[in-house]
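*Asks:* Quick one: structure below, then a few questions.
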Amino acid sequence: MGKMFLVATCMILAFCQLCGCDSNSKEKTINVSANAKIIEPDMIITKENAKMLTGVSFGECTVKEEPRVGLKLCVYEKDGILLQVGLTQTAFMDKKTREAGNTPQSIFKSTKTALKDTTKIDSVGDDNFLMPPGLHILQGEYYMTVSFGLMAKDKEKLKAAGMKAVENLSKYSAQ
């Protein structure tokens, strides 16, 4: 399971780095308020949410961060069961990335555009698509991913996790 996590994390980070660099948008700079609140991914899918979605009582999640693209990744793992949630947000992006005009929305759109024949799940976020490692969701100014591992393709389970992530994000992004 550790190899699957490593592969999934590397895929997300590599893809975000490649697709998040939009040379056409260098003329705009994204300003972030000094008071901008960084939302943690374990606020989007809590331990309790993870148990509800998987039936497994997880401990605290392991958090990985990639500030260059504003990504925080939370991984719950126990007894071969995995649930991960990634949250890309402008407030966590490094200044150089923001100054280049990159946003979570532009990363989402670049990623989706780079793929052909993506599948969408109705009623989850403002936009979404399925691609390894799971469901990619655009909600307002945030780009989220939810996954149960690279081989997990249960659309109903992904939809439930995506809807819970969107619901919880709405609580924190409105503050």
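Order determines the names: the first chain of the structure tokens is A, the second B, and so forth; residues in each chain are numbered 1 upward, and ligands are numbered 1 upward as they are shown.
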Apply DSSP to the backbone of this structure and, from segment 78-137 of chain A, keep only the residues in alpha helix (DSSP H); write these as a ChimeraX atom specification.

*Replies:* /A:95-99,104-114

*Asks:* Give me the residues within 10 Å of Lys171 of chain A as a list in words, counting only C-alpha atoms and dropping any in the same chain fewer than 4 places off.

*Replies:*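 Returned residues: Met43, Ile44, Val166, Glu167 and Gln175 of chain A.
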
*Asks:* Keeping only N, CA, C and O atoms, write the selected residues as an mmCIF file, in the first residue's frame.

*Replies:*
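See out.cif below for the written result:
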```cif
data_model
loop_
_atom_site.group_PDB
_atom_site.id
_atom_site.type_symbol
_atom_site.label_atom_id
_atom_site.label_comp_id
_atom_site.auth_asym_id
_atom_site.auth_seq_id
_atom_site.Cartn_x
_atom_site.Cartn_y
_atom_site.Cartn_z
ATOM 1 N N MET A 43 -9.557 18.849 7.307
ATOM 2 C CA MET A 43 -10.800 19.560 7.617
ATOM 3 C C MET A 43 -11.846 19.243 6.552
ATOM 4 O O MET A 43 -13.046 19.343 6.803
ATOM 5 N N ILE A 44 -11.382 18.873 5.368
ATOM 6 C CA ILE A 44 -12.259 18.582 4.233
ATOM 7 C C ILE A 44 -12.808 17.163 4.322
ATOM 8 O O ILE A 44 -13.972 16.923 4.069
ATOM 9 N N VAL A 166 -16.803 18.604 -0.758
ATOM 10 C CA VAL A 166 -17.379 19.885 -1.192
ATOM 11 C C VAL A 166 -18.190 20.505 -0.056
ATOM 12 O O VAL A 166 -18.082 21.701 0.217
ATOM 13 N N GLU A 167 -18.984 19.692 0.610
ATOM 14 C CA GLU A 167 -19.805 20.178 1.728
ATOM 15 C C GLU A 167 -18.928 20.777 2.827
ATOM 16 O O GLU A 167 -19.177 21.886 3.309
ATOM 17 N N GLN A 175 -15.902 31.358 5.482
ATOM 18 C CA GLN A 175 -15.543 32.123 6.684
ATOM 19 C C GLN A 175 -14.621 33.270 6.369
ATOM 20 O O GLN A 175 -13.832 33.297 5.542
#
```

*Asks:* Record the distance separating atom CA of Glu48 of chain A and atom CA of Ile107 of chain A, expressed in Å with one decimal.

*Replies:*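 If I compute the distance from atom CA of Glu48 of chain A to atom CA of Ile107 of chain A, I get 29.4 Å.
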
*Asks:* Using DSSP assignments from the backbone, pull out every residue in segment 74-151 of chain A that falls under strand (DSSP E) and give it to me as an MDAnalysis selection string.

*Replies:* chainID A and resid 74:78 81:88 127:131 134:139 142:147

*Asks:* Which is closer to Arg98 of chain A than all the others in A:Arg68, A:Lys112, A:Lys120, A:Lys47, using only C-alpha atoms?

*Replies:*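 Of all the options, A:Arg68 lies closest to Arg98 of chain A.
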
*Asks:* Using Å and a single decimal, report how far atom CA of Leu73 of chain A sits from atom CA of Val85 of chain A.

*Replies:*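 Answer for the atom CA of Val85 of chain A to atom CA of Leu73 of chain A separation: 5.8 Å.
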
*Asks:* Go through A:Val146, A:Leu115, A:Ala165, A:Ile38 one by one, measure the shortest atom-to-atom distance of each to Tyr76 of chain A using only C-alpha atoms, and give the residue with the smallest value.

*Replies:* A:Val146

*Asks:* What's around Leu130 of chain A at 7 Å? Count only C-alpha atoms, leave out sequence neighbours fewer than 2 positions away in its own chain, and write the answer as an MDAnalysis selection string.

*Replies:* chainID A and resid 118:120 132 134:136

*Asks:* Counting only C-alpha atoms, figure out which residue out of A:Asn128, A:Asn168, A:Gln84, A:Thr90 gets nearest to Pro104 of chain A.

*Replies:*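 Nearest candidate to Pro104 of chain A out of A:Asn128, A:Asn168, A:Gln84, A:Thr90: A:Thr90.
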
*Asks:* Would you mind telling me which residue in A:Asp122, A:Glu65, A:Glu141, A:Asp154 lies nearest to Ser106 of chain A when using only C-alpha atoms?

*Replies:*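 Checking each of A:Asp122, A:Glu65, A:Glu141, A:Asp154 against Ser106 of chain A, counting only C-alpha atoms, the winner is A:Glu141.
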
*Asks:* Identify which of the residues A:Gly162, A:Gly140, A:Gly149, A:Gly101 lies closest to Glu77 of chain A, counting only C-alpha atoms when measuring atom-to-atom distances.

*Replies:*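 Checking each of A:Gly162, A:Gly140, A:Gly149, A:Gly101 against Glu77 of chain A, counting only C-alpha atoms, the winner is A:Gly149.
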
*Asks:* Of the candidates A:Ser123, A:Asn49, A:Thr145, A:Ser170, which shows the shortest atom-to-atom distance to Phe108 of chain A, using only C-alpha atoms?

*Replies:*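 Between A:Ser123, A:Asn49, A:Thr145, A:Ser170, the residue approaching Phe108 of chain A most closely is A:Thr145.
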